[in-house]
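Student: What follows is final_24.cif; its format and atoms are mmCIF, C-alpha atoms.
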data_data
loop_
_atom_site.label_atom_id
_atom_site.label_comp_id
_atom_site.auth_asym_id
_atom_site.auth_seq_id
_atom_site.Cartn_x
_atom_site.Cartn_y
_atom_site.Cartn_z
CA MET J 1 13.96 10.33 11.46
CA ALA J 2 17.51 11.63 11.39
CA ASP J 3 18.21 9.42 14.40
CA TRP J 4 16.97 6.23 12.79
CA PRO J 5 19.68 3.57 12.78
CA LEU J 6 21.15 2.35 9.51
CA TYR J 7 20.64 -1.22 8.30
CA GLU J 8 22.61 -3.01 5.60
CA VAL J 9 20.44 -4.91 3.16
CA PHE J 10 21.27 -8.29 1.61
CA VAL J 11 19.06 -9.79 -1.09
CA ARG J 12 19.08 -13.26 -2.53
CA SER J 13 17.97 -13.26 -6.16
CA LYS J 14 15.85 -15.96 -7.77
CA HIS J 15 18.81 -17.80 -9.23
CA GLY J 16 21.43 -16.80 -6.69
CA LEU J 17 22.47 -19.12 -3.91
CA ASN J 18 23.78 -16.46 -1.60
CA HIS J 19 22.52 -13.16 -0.27
CA LYS J 20 24.34 -10.19 -1.78
CA HIS J 21 24.80 -6.77 -0.29
CA VAL J 22 22.63 -4.31 -2.24
CA GLY J 23 22.69 -1.17 -0.12
CA SER J 24 21.32 0.23 3.09
CA VAL J 25 18.17 1.74 4.59
CA HIS J 26 17.33 3.88 7.58
CA ALA J 27 14.52 2.53 9.74
CA ALA J 28 13.09 2.80 13.24
CA ASP J 29 13.73 -0.89 13.93
CA ALA J 30 14.53 -4.19 12.23
CA GLU J 31 10.96 -4.98 11.13
CA MET J 32 10.53 -1.59 9.52
CA ALA J 33 13.97 -1.98 7.96
CA MET J 34 12.73 -5.20 6.36
CA GLU J 35 9.70 -3.40 4.92
CA ASN J 36 11.79 -0.48 3.70
CA ALA J 37 14.28 -2.87 2.13
CA ARG J 38 11.44 -4.67 0.36
CA ASP J 39 10.12 -1.39 -0.99
CA LEU J 40 13.51 -0.03 -2.02
CA TYR J 41 15.39 -3.02 -3.32
CA THR J 42 12.89 -5.59 -4.60
CA ARG J 43 10.63 -3.36 -6.69
CA ARG J 44 11.57 -5.11 -9.92
CA SER J 45 11.37 -8.70 -8.72
CA GLU J 46 15.02 -8.77 -7.74
CA GLY J 47 14.70 -11.03 -4.76
CA VAL J 48 13.22 -14.02 -3.01
CA SER J 49 14.79 -13.42 0.38
CA ILE J 50 16.00 -10.39 2.35
CA TRP J 51 18.37 -10.01 5.28
CA VAL J 52 18.74 -6.75 7.16
CA VAL J 53 21.64 -6.27 9.54
CA PRO J 54 22.30 -3.25 11.78
CA SER J 55 25.25 -1.48 10.21
CA SER J 56 26.65 -1.03 13.71
CA ALA J 57 26.93 -4.84 14.02
CA ILE J 58 29.45 -4.99 11.20
CA THR J 59 33.13 -5.01 11.98
CA ALA J 60 34.96 -3.59 8.98
CA SER J 61 38.61 -3.78 8.04
CA SER J 62 40.43 -0.49 8.35
CA PRO J 63 41.61 1.27 5.19
CA ASP J 64 44.87 1.99 7.07
CA GLU J 65 45.55 -1.73 7.27
CA LYS J 66 45.08 -2.27 3.56
CA GLU J 67 48.76 -2.92 2.92
CA ILE J 68 49.23 -5.35 5.79
CA LEU J 69 46.08 -7.24 4.99
CA PHE J 70 46.07 -7.41 1.22
CA ASP J 71 49.46 -6.64 -0.31
CA PRO J 72 51.16 -9.89 0.81
CA SER J 73 48.89 -11.96 -1.40
CA ASP J 74 49.79 -9.96 -4.52
CA ASP J 75 53.06 -11.82 -5.12
CA LYS J 76 51.80 -15.32 -4.38
CA VAL J 77 50.68 -16.32 -7.83
CA TYR J 78 50.94 -20.00 -6.88
CA ARG J 79 47.71 -19.55 -4.91
CA HIS J 80 45.82 -19.35 -8.21
CA ALA J 81 44.93 -22.62 -9.87
CA SER J 82 45.98 -21.14 -13.21
CA PHE J 83 49.60 -21.04 -11.96
CA TYR J 84 49.91 -24.80 -12.40
CA LYS J 85 50.46 -26.43 -15.76
CA LEU J 86 48.19 -29.37 -16.21
CA PRO J 87 49.51 -32.45 -18.02
CA ASP J 88 47.63 -32.95 -21.32
CA GLU J 89 46.39 -36.35 -20.13
CA VAL J 90 44.27 -34.66 -17.45
CA GLY J 91 42.15 -32.93 -20.05
CA HIS J 92 39.54 -30.43 -18.92
CA MET J 93 39.12 -30.27 -15.22
CA MET Q 1 -31.28 3.71 -4.69
CA SER Q 2 -34.64 2.41 -5.82
CA LYS Q 3 -36.11 -0.72 -4.33
CA THR Q 4 -35.96 -2.43 -7.66
CA MET Q 5 -32.17 -2.31 -7.92
CA THR Q 6 -30.94 -5.26 -9.91
CA GLN Q 7 -27.82 -7.21 -9.12
CA GLN Q 8 -26.27 -5.78 -12.27
CA GLU Q 9 -26.91 -2.19 -11.15
CA ALA Q 10 -25.54 -2.97 -7.71
CA LEU Q 11 -22.43 -4.50 -9.20
CA GLN Q 12 -21.71 -1.48 -11.42
CA GLU Q 13 -22.12 0.82 -8.45
CA TYR Q 14 -19.93 -1.36 -6.25
CA LEU Q 15 -17.14 -1.61 -8.81
CA LEU Q 16 -17.06 2.18 -9.04
CA ARG Q 17 -16.81 2.41 -5.26
CA LEU Q 18 -13.86 0.03 -5.20
CA ALA Q 19 -12.17 1.79 -8.13
CA ASP Q 20 -12.82 5.31 -6.85
CA SER Q 21 -11.50 4.60 -3.35
CA ASP Q 22 -8.34 3.05 -4.79
CA MET Q 23 -7.92 5.93 -7.24
CA ILE Q 24 -8.44 8.76 -4.76
CA LEU Q 25 -6.21 7.25 -2.09
CA GLY Q 26 -3.55 6.61 -4.74
CA GLN Q 27 -3.80 10.25 -5.82
CA ARG Q 28 -3.61 11.46 -2.21
CA LEU Q 29 -0.48 9.41 -1.55
CA CYS Q 30 1.14 10.66 -4.75
CA GLU Q 31 0.85 14.20 -3.38
CA LEU Q 32 3.63 13.14 -1.00
CA CYS Q 33 6.01 12.36 -3.85
CA GLY Q 34 9.09 14.47 -3.20
CA LYS Q 35 7.81 15.48 0.23
CA ALA Q 36 7.82 12.32 2.33
CA PRO Q 37 9.64 12.47 5.67
CA ALA Q 38 12.36 10.03 4.56
CA LEU Q 39 13.53 8.49 1.30
CA GLU Q 40 12.57 5.02 2.49
CA GLU Q 41 9.06 6.17 3.35
CA GLU Q 42 8.68 7.94 0.04
CA MET Q 43 9.47 4.78 -1.91
CA ALA Q 44 7.09 2.79 0.26
CA LEU Q 45 4.27 5.32 -0.13
CA MET Q 46 4.67 5.45 -3.90
CA ASN Q 47 4.68 1.64 -4.05
CA VAL Q 48 1.38 1.59 -2.18
CA ALA Q 49 -0.01 4.39 -4.34
CA LEU Q 50 0.88 2.58 -7.56
CA ASP Q 51 -0.60 -0.68 -6.25
CA LEU Q 52 -3.84 1.22 -5.63
CA VAL Q 53 -3.89 2.94 -9.02
CA GLY Q 54 -3.26 -0.44 -10.66
CA GLN Q 55 -6.17 -1.97 -8.76
CA ALA Q 56 -8.34 1.01 -9.68
CA ARG Q 57 -7.55 0.41 -13.33
CA ASN Q 58 -8.67 -3.22 -13.11
CA TRP Q 59 -11.94 -2.30 -11.40
CA TYR Q 60 -12.61 0.61 -13.82
CA GLU Q 61 -12.03 -1.61 -16.83
CA TYR Q 62 -14.54 -4.16 -15.60
CA ALA Q 63 -16.99 -1.41 -14.63
CA ALA Q 64 -16.66 0.15 -18.10
CA GLU Q 65 -17.47 -3.19 -19.72
CA LEU Q 66 -20.56 -3.71 -17.57
CA ILE Q 67 -21.83 -0.12 -17.84
CA ASP Q 68 -21.29 -0.44 -21.59
CA ASP Q 69 -22.22 3.11 -22.55
CA GLY Q 70 -19.09 3.77 -24.60
CA ARG Q 71 -17.01 5.18 -21.75
CA SER Q 72 -13.56 3.71 -21.18
CA ALA Q 73 -11.77 3.12 -17.88
CA ASP Q 74 -9.91 6.41 -18.40
CA GLU Q 75 -13.13 8.29 -18.97
CA LEU Q 76 -14.64 6.86 -15.78
CA ALA Q 77 -11.61 8.02 -13.83
CA PHE Q 78 -10.98 11.39 -15.45
CA ARG Q 79 -14.33 12.66 -16.74
CA ARG Q 80 -16.69 12.11 -13.82
CA ASP Q 81 -17.35 14.95 -11.39
CA ALA Q 82 -17.35 14.80 -7.60
CA HIS Q 83 -21.05 13.96 -7.25
CA ASP Q 84 -20.50 10.91 -9.47
CA TYR Q 85 -17.53 9.70 -7.47
CA ARG Q 86 -18.21 6.91 -4.99
CA ASN Q 87 -14.99 6.70 -2.98
CA ALA Q 88 -15.10 6.45 0.81
CA LEU Q 89 -14.90 9.79 2.63
CA MET Q 90 -11.88 8.44 4.47
CA VAL Q 91 -9.57 8.36 1.46
CA GLU Q 92 -10.23 11.93 0.32
CA GLN Q 93 -9.10 13.40 3.66
CA PRO Q 94 -5.88 15.45 3.45
CA ASN Q 95 -2.52 13.87 4.22
CA GLY Q 96 -2.04 15.96 7.37
CA ASP Q 97 0.98 14.95 9.43
CA TYR Q 98 2.41 11.46 9.08
CA ALA Q 99 0.19 10.13 11.87
CA VAL Q 100 -2.86 11.21 9.84
CA THR Q 101 -1.44 9.74 6.63
CA MET Q 102 -0.82 6.41 8.34
CA GLY Q 103 -4.00 6.46 10.42
CA ARG Q 104 -6.10 7.04 7.29
CA GLN Q 105 -4.16 4.29 5.54
CA PHE Q 106 -4.66 1.86 8.40
CA PHE Q 107 -8.42 2.40 8.70
CA PHE Q 108 -8.77 1.97 4.94
CA ASP Q 109 -6.37 -0.97 4.68
CA ALA Q 110 -8.22 -2.85 7.41
CA TRP Q 111 -11.50 -2.43 5.49
CA HIS Q 112 -9.78 -3.17 2.18
CA TYR Q 113 -8.14 -6.32 3.49
CA PHE Q 114 -11.37 -8.01 4.62
CA THR Q 115 -13.27 -6.78 1.58
CA ILE Q 116 -10.73 -8.04 -0.94
CA ALA Q 117 -10.38 -11.34 0.91
CA ALA Q 118 -14.13 -11.89 0.51
CA LEU Q 119 -14.08 -10.82 -3.14
CA THR Q 120 -11.50 -13.50 -3.99
CA LYS Q 121 -14.33 -15.99 -3.36
CA ALA Q 122 -16.82 -14.28 -5.68
CA PRO Q 123 -18.51 -16.55 -8.23
CA ASP Q 124 -17.75 -13.89 -10.86
CA GLU Q 125 -14.33 -15.02 -12.10
CA ARG Q 126 -13.26 -11.57 -13.21
CA ILE Q 127 -13.86 -10.16 -9.73
CA ALA Q 128 -12.17 -13.12 -8.09
CA SER Q 129 -9.04 -12.80 -10.22
CA ILE Q 130 -8.70 -9.02 -9.74
CA ALA Q 131 -9.17 -9.53 -6.00
CA ALA Q 132 -6.64 -12.38 -5.88
CA LYS Q 133 -3.97 -10.13 -7.37
CA ALA Q 134 -4.91 -7.24 -5.08
CA ALA Q 135 -5.02 -9.42 -1.96
CA LYS Q 136 -1.24 -9.82 -1.76
CA GLU Q 137 -0.69 -6.09 -2.19
CA VAL Q 138 -3.34 -5.17 0.34
CA GLN Q 139 -1.99 -7.60 2.91
CA TYR Q 140 1.33 -5.79 2.73
CA HIS Q 141 -0.31 -2.34 2.89
CA LEU Q 142 -2.12 -3.38 6.05
CA ARG Q 143 1.00 -4.76 7.65
CA ARG Q 144 2.89 -1.55 6.97
CA SER Q 145 0.22 0.89 8.12
CA SER Q 146 -0.62 -1.10 11.26
CA GLU Q 147 3.07 -1.25 12.19
CA TRP Q 148 3.27 2.54 11.88
CA VAL Q 149 0.16 3.09 14.01
CA LYS Q 150 1.68 0.89 16.71
CA ARG Q 151 5.03 2.65 16.58
CA PHE Q 152 3.53 6.13 16.71
CA GLY Q 153 1.07 5.18 19.42
CA ASP Q 154 3.61 3.37 21.54
CA GLY Q 155 6.46 5.73 20.65
CA THR Q 156 7.30 9.09 22.18
CA GLU Q 157 4.88 11.32 24.04
CA GLU Q 158 4.54 13.53 20.97
CA SER Q 159 4.04 10.68 18.50
CA HIS Q 160 1.43 9.15 20.82
CA GLN Q 161 -0.45 12.43 21.05
CA ARG Q 162 -0.39 12.98 17.30
CA MET Q 163 -1.54 9.43 16.57
CA GLN Q 164 -4.38 9.71 19.09
CA THR Q 165 -5.47 13.00 17.52
CA ALA Q 166 -5.36 11.41 14.05
CA VAL Q 167 -7.48 8.45 15.22
CA ASP Q 168 -10.00 10.79 16.88
CA ASP Q 169 -10.23 13.05 13.81
CA LEU Q 170 -10.52 10.25 11.25
CA TRP Q 171 -12.93 8.10 13.22
CA ARG Q 172 -16.05 9.92 11.94
CA PHE Q 173 -15.29 8.66 8.43
CA THR Q 174 -15.08 4.97 9.39
CA GLY Q 175 -18.80 4.34 9.91
CA GLU Q 176 -19.97 4.65 6.36
CA MET Q 177 -16.90 2.85 5.05
CA ILE Q 178 -17.56 -0.36 6.96
CA GLU Q 179 -21.38 -0.39 7.05
CA ALA Q 180 -23.27 -1.92 4.15
CA ASP Q 181 -26.04 -0.17 2.25
CA GLU Q 182 -28.48 -1.66 -0.24
CA VAL Q 183 -25.77 -2.13 -2.87
CA GLU Q 184 -23.57 -4.22 -0.63
CA GLN Q 185 -26.52 -6.14 0.82
CA THR Q 186 -27.74 -6.99 -2.68
CA LEU Q 187 -24.33 -8.21 -3.74
CA PHE Q 188 -23.78 -10.22 -0.59
CA LYS Q 189 -27.02 -12.07 -1.27
CA ALA Q 190 -25.59 -12.87 -4.71
CA GLY Q 191 -22.42 -14.23 -3.15
CA ILE Q 192 -20.26 -11.22 -4.06
CA GLY Q 193 -18.38 -9.39 -1.35
CA PRO Q 194 -18.17 -9.70 2.40
CA ASP Q 195 -20.93 -10.61 4.84
CA PRO Q 196 -21.89 -7.08 6.04
CA GLU Q 197 -22.11 -8.02 9.71
CA GLN Q 198 -18.94 -10.05 9.59
CA LEU Q 199 -17.06 -7.20 7.92
CA VAL Q 200 -17.98 -4.77 10.68
CA ALA Q 201 -16.99 -7.31 13.34
CA ASP Q 202 -13.69 -8.17 11.61
CA TRP Q 203 -12.79 -4.52 11.06
CA LYS Q 204 -13.60 -3.50 14.62
CA GLY Q 205 -11.76 -6.54 15.98
CA LEU Q 206 -8.58 -5.78 14.07
CA VAL Q 207 -8.71 -2.03 14.69
CA ASN Q 208 -9.25 -2.47 18.41
CA GLU Q 209 -6.40 -4.97 18.57
CA VAL Q 210 -3.97 -2.61 16.85
CA LEU Q 211 -5.12 0.44 18.84
CA ALA Q 212 -4.69 -1.52 22.08
CA GLU Q 213 -1.18 -2.59 21.11
CA ALA Q 214 -0.46 1.03 20.18
CA THR Q 215 -1.68 2.11 23.65
CA LEU Q 216 -4.28 4.33 21.94
CA THR Q 217 -7.80 4.96 23.20
CA PRO Q 218 -10.55 3.88 20.79
CA PRO Q 219 -13.19 6.58 20.18
CA PRO Q 220 -16.60 5.95 21.81
CA GLU Q 221 -18.89 3.36 20.21
CA ASP Q 222 -21.68 5.91 19.71
CA ALA Q 223 -19.45 8.52 18.03
CA TRP Q 224 -21.22 10.52 15.33
CA MET Q 225 -20.41 9.45 11.76
CA TYR Q 226 -20.33 11.34 8.48
CA ARG Q 227 -22.26 9.71 5.64
CA GLY Q 228 -23.09 10.41 2.04
CA ALA Q 229 -20.15 9.31 -0.11
CA LYS Q 230 -22.02 6.23 -1.33
CA VAL Q 231 -24.56 8.52 -3.01
CA GLY Q 232 -22.02 11.15 -4.09
CA HIS Q 233 -22.11 13.59 -1.16
CA HIS Q 234 -18.45 14.22 -0.39
CA THR Q 235 -16.43 16.41 1.92
CA GLU Q 236 -15.07 19.64 0.47
CA HIS Q 237 -11.72 18.00 -0.32
CA LEU Q 238 -12.74 15.78 -3.23
CA GLY Q 239 -13.36 18.61 -5.70
CA PHE Q 240 -9.81 19.88 -5.25
CA ILE Q 241 -8.35 16.41 -5.74
CA LEU Q 242 -10.33 15.91 -8.95
CA ALA Q 243 -9.43 19.39 -10.20
CA GLU Q 244 -5.77 18.47 -10.04
CA MET Q 245 -6.12 14.85 -11.11
CA GLN Q 246 -8.45 15.49 -14.04
CA PHE Q 247 -6.96 18.74 -15.32
CA LEU Q 248 -5.10 17.29 -18.27
CA GLN Q 249 -7.98 15.16 -19.55
CA ARG Q 250 -10.38 18.07 -19.11
CA ALA Q 251 -8.12 20.62 -20.82
CA TYR Q 252 -6.89 18.34 -23.58
CA PRO Q 253 -9.43 15.53 -23.96
CA ASP Q 254 -7.98 12.36 -25.47
CA ALA Q 255 -4.56 14.00 -25.92
CA LYS Q 256 -2.38 11.42 -27.62
CA THR Q 257 0.92 13.17 -28.23
CA TRP Q 258 3.23 13.67 -25.29
#
How does the structure come out when it is put into structure tokens?
Tutor:
Amino acid sequence: MADWPLYEVFVRSKHGLNHKHVGSVHAADAEMAMENARDLYTRRSEGVSIWVVPSSAITASSPDEKEILFDPSDDKVYRHASFYKLPDEVGHM
Amino acid sequence: MSKTMTQQEALQEYLLRLADSDMILGQRLCELCGKAPALEEEMALMNVALDLVGQARNWYEYAAELIDDGRSADELAFRRDAHDYRNALMVEQPNGDYAVTMGRQFFFDAWHYFTIAALTKAPDERIASIAAKAAKEVQYHLRRSSEWVKRFGDGTEESHQRMQTAVDDLWRFTGEMIEADEVEQTLFKAGIGPDPEQLVADWKGLVNEVLAEATLTPPPEDAWMYRGAKVGHHTEHLGFILAEMQFLQRAYPDAKTW
């Protein structure tokens, strides 16, 4: 069972609109991964829908590229809506 | 069983059979807590075990009400000895390797699935509602165990061999489990529980289908079968299970402080 592939598990909760990553399971194949995910992550009525995705199918950003990818947005405050002053006449948007 | 068995007597007996099989299999599975081959499997096994113990509780509670001799559900579970237990021989068999654990589960689940499905249609509302709740759980149990049988059977050479051995070893306990005696015949005539002939046909149909998909060889039709559990004659394993399961209630009856 040490050679079982890893699957990432995404669960959509009752009130949630999107599936959220909740963790991972080892399983012999996708169907068993689904059953394992059900048993591990929906024991307390957390979900109404499950996705399992082979971890190997995920392309992840490299920690080495953190600065190139994410630092440039740190000094661009104008990308946040809160940067702009709203005229009083607009009221609550 | 006497020839004058009433429907009420049959029902009490039958409820104990349902409860005892659930209880003993739940107990067996719980022995794997902390020892399952993988974390995922452990969680799954304990889920199934707790489903079964929960179902046992519902059946015991109804049985206690009908028997009405002052014994509670807990007393039925923890104060009866092996010869009073009515669980199927199948469920008291040891966990063995994982092929045995899953083979035992599959043979039982297949019987459980068709039995519970029929019980949801019982005119007795209490039975129908307990069965309706159990049906969803049992459907999942069956899916899981049948998937494992297929994967072991149609897996590696070793997993195939182990699964075939498990099927061959467990087969002798299937006969009594699926064949009706006077209790089940009496209840069927009263509209409670599965049509005995249909149950055997459904069980064999499903089992053969799964074994075929698993590339496993079904044991011969005329294989010899163990019997006796329905009148309290068990294999040597049950006493040990009860000794462990009932120890606390026996040593400290009605202990309230934990």
Student: Step by step, work through what the PyMOL selection byres ((chain Q and resi 49) around 8) selects in the shown file, and finish by giving those residues as a PyMOL selection string.
Tutor: chain Q and resi 25-27+29-30+45-48+50-53
Student: Restrict the calculation to only C-alpha atoms, then for each residue of chain Q with any atom at most 12 Å from an atom of chain J give the closest atom pair and their distance in Å to one decimal, rows by chain and rising residue number, as a Markdown table.
Tutor:
| residue | atom | partner | partner_atom | distance |
| --- | --- | --- | --- | --- |
| Q:Ala36 | CA | J:Met1 | CA | 11.2 |
| Q:Pro37 | CA | J:Met1 | CA | 7.5 |
| Q:Ala38 | CA | J:Met1 | CA | 7.1 |
| Q:Leu39 | CA | J:His26 | CA | 8.7 |
| Q:Glu40 | CA | J:Asn36 | CA | 5.7 |
| Q:Glu41 | CA | J:Asn36 | CA | 7.2 |
| Q:Glu42 | CA | J:Asp39 | CA | 9.5 |
| Q:Met43 | CA | J:Asp39 | CA | 6.3 |
| Q:Ala44 | CA | J:Asp39 | CA | 5.3 |
| Q:Leu45 | CA | J:Asp39 | CA | 8.9 |
| Q:Met46 | CA | J:Asp39 | CA | 9.2 |
| Q:Asn47 | CA | J:Asp39 | CA | 6.9 |
| Q:Val48 | CA | J:Asp39 | CA | 9.3 |
| Q:Leu50 | CA | J:Arg43 | CA | 11.5 |
| Q:Asp51 | CA | J:Arg43 | CA | 11.6 |
| Q:Tyr98 | CA | J:Met1 | CA | 11.8 |
| Q:Glu137 | CA | J:Asp39 | CA | 11.8 |
| Q:Tyr140 | CA | J:Glu35 | CA | 9.0 |
| Q:His141 | CA | J:Glu35 | CA | 10.3 |
| Q:Leu142 | CA | J:Glu35 | CA | 11.9 |
| Q:Arg143 | CA | J:Glu35 | CA | 9.2 |
| Q:Arg144 | CA | J:Glu35 | CA | 7.3 |
| Q:Ser145 | CA | J:Met32 | CA | 10.7 |
| Q:Ser146 | CA | J:Met32 | CA | 11.3 |
| Q:Glu147 | CA | J:Met32 | CA | 7.9 |
| Q:Trp148 | CA | J:Met32 | CA | 8.7 |
| Q:Lys150 | CA | J:Met32 | CA | 11.7 |
| Q:Arg151 | CA | J:Ala28 | CA | 8.7 |
| Q:Phe152 | CA | J:Ala28 | CA | 10.7 |
| Q:Gly155 | CA | J:Ala28 | CA | 10.4 |
Student: For atom CA of Q:Leu11 and atom CA of Q:Leu187, determine how far apart the two atoms are, in Å to one decimal place.
Tutor: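 Here the two named atoms are 6.9 Å from each other.
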Student: Written as a list of chain:residue names, which residues does the PyMOL selection byres ((chain Q and resi 168) around 12) give for the file shown?
Tutor: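 Matching residues under the PyMOL selection byres ((chain Q and resi 168) around 12) are Q:Ala99, Q:Val100, Q:Gly103, Q:Arg104, Q:Phe107, Q:Gln161, Q:Arg162, Q:Met163, Q:Gln164, Q:Thr165, Q:Ala166, Q:Val167, Q:Asp169, Q:Leu170, Q:Trp171, Q:Arg172, Q:Phe173, Q:Thr174, Q:Leu211, Q:Leu216, Q:Thr217, Q:Pro218, Q:Pro219, Q:Pro220, Q:Ala223, Q:Trp224, Q:Met225.
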Student: Tell me which of Q:Leu66, Q:Ala10, Q:Cys33, Q:Ala131 sits closest to Q:Gln185, counting all atoms listed in the file.
Tutor: Q:Ala10
Student: At a cut-off of 9 Å, using all atoms listed in the file, what residues contact stretch 195-198 of chain Q? Leave out same-chain residues fewer than 6 positions from it and give the result as a list in words.
Tutor: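 The contact residues come out as Ala118, Ile178, Glu179, Ala180, Asp181, Glu184, Gln185, Phe188 and Lys189 of chain Q.
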Student: Let me make sure I understand: among Q:Ser72, Q:Thr6, Q:Thr101, Q:Ser159, which one has the smallest atom-to-atom distance to Q:Asp254 if we use only C-alpha atoms?
Tutor: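 With only C-alpha atoms as the atom set, the closest residue is Q:Ser72.
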Student: Once the PyMOL selection byres ((chain Q and resi 128) around 12) is applied to the coordinates I shared, what remains selected? I want it as a tab-separated table (two decimals) with C-alpha atoms, keeping the file's coordinate frame.
Tutor:
chain	number	residue	atom	x	y	z
Q	58	ASN	CA	-8.67	-3.22	-13.11
Q	59	TRP	CA	-11.94	-2.30	-11.40
Q	62	TYR	CA	-14.54	-4.16	-15.60
Q	115	THR	CA	-13.27	-6.78	1.58
Q	116	ILE	CA	-10.73	-8.04	-0.94
Q	117	ALA	CA	-10.38	-11.34	0.91
Q	118	ALA	CA	-14.13	-11.89	0.51
Q	119	LEU	CA	-14.08	-10.82	-3.14
Q	120	THR	CA	-11.50	-13.50	-3.99
Q	121	LYS	CA	-14.33	-15.99	-3.36
Q	122	ALA	CA	-16.82	-14.28	-5.68
Q	123	PRO	CA	-18.51	-16.55	-8.23
Q	124	ASP	CA	-17.75	-13.89	-10.86
Q	125	GLU	CA	-14.33	-15.02	-12.10
Q	126	ARG	CA	-13.26	-11.57	-13.21
Q	127	ILE	CA	-13.86	-10.16	-9.73
Q	129	SER	CA	-9.04	-12.80	-10.22
Q	130	ILE	CA	-8.70	-9.02	-9.74
Q	131	ALA	CA	-9.17	-9.53	-6.00
Q	132	ALA	CA	-6.64	-12.38	-5.88
Q	133	LYS	CA	-3.97	-10.13	-7.37
Q	134	ALA	CA	-4.91	-7.24	-5.08
Q	135	ALA	CA	-5.02	-9.42	-1.96
Q	191	GLY	CA	-22.42	-14.23	-3.15
Q	192	ILE	CA	-20.26	-11.22	-4.06
Q	193	GLY	CA	-18.38	-9.39	-1.35
Student: Give me, please, the distance in Å between atom CA of J:Glu46 and atom CA of J:Lys20, quoted to one decimal.
Tutor: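 Computing the Euclidean distance for atom CA of J:Glu46 and atom CA of J:Lys20 yields 11.2 Å.
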Student: I'd like the neighbourhood of J:Val52 as an MDAnalysis selection string, where a residue qualifies if any of its atoms comes within 6 Å (using only C-alpha atoms), though same-chain residues fewer than 5 positions away should be ignored.
Tutor: chainID J and resid 7:9
Student: Interatomic distance between atom CA of Q:His237 and atom CA of Q:Leu206?
Tutor: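 Going from atom CA of Q:His237 over to atom CA of Q:Leu206, I get 28.0 Å.
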Student: Step by step, gather every atom of stretch 57-60 of chain Q that the file lists, find the box along x, y and z that holds them, add 6 Å on each side, and finally give centre and edge lengths in Å to one decimal, as lines of an AutoDock Vina configuration file.
Tutor:
center_x = -10.1
center_y = -1.3
center_z = -12.6
size_x = 17.1
size_y = 15.8
size_z = 14.4
Student: Residues at most 7 Å from J:Ile50, counting all atoms listed in the file, excluding those fewer than 3 positions away in the same chain, as a PyMOL selection string?
Tutor: chain J and resi 10-12
Student: Check the smallest atom-to-atom distance from each of J:Leu69, J:Val77, J:Leu6, J:Ala60 to J:Gly23 using only C-alpha atoms, then report the winner.
Tutor: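 Closest candidate: J:Leu6.
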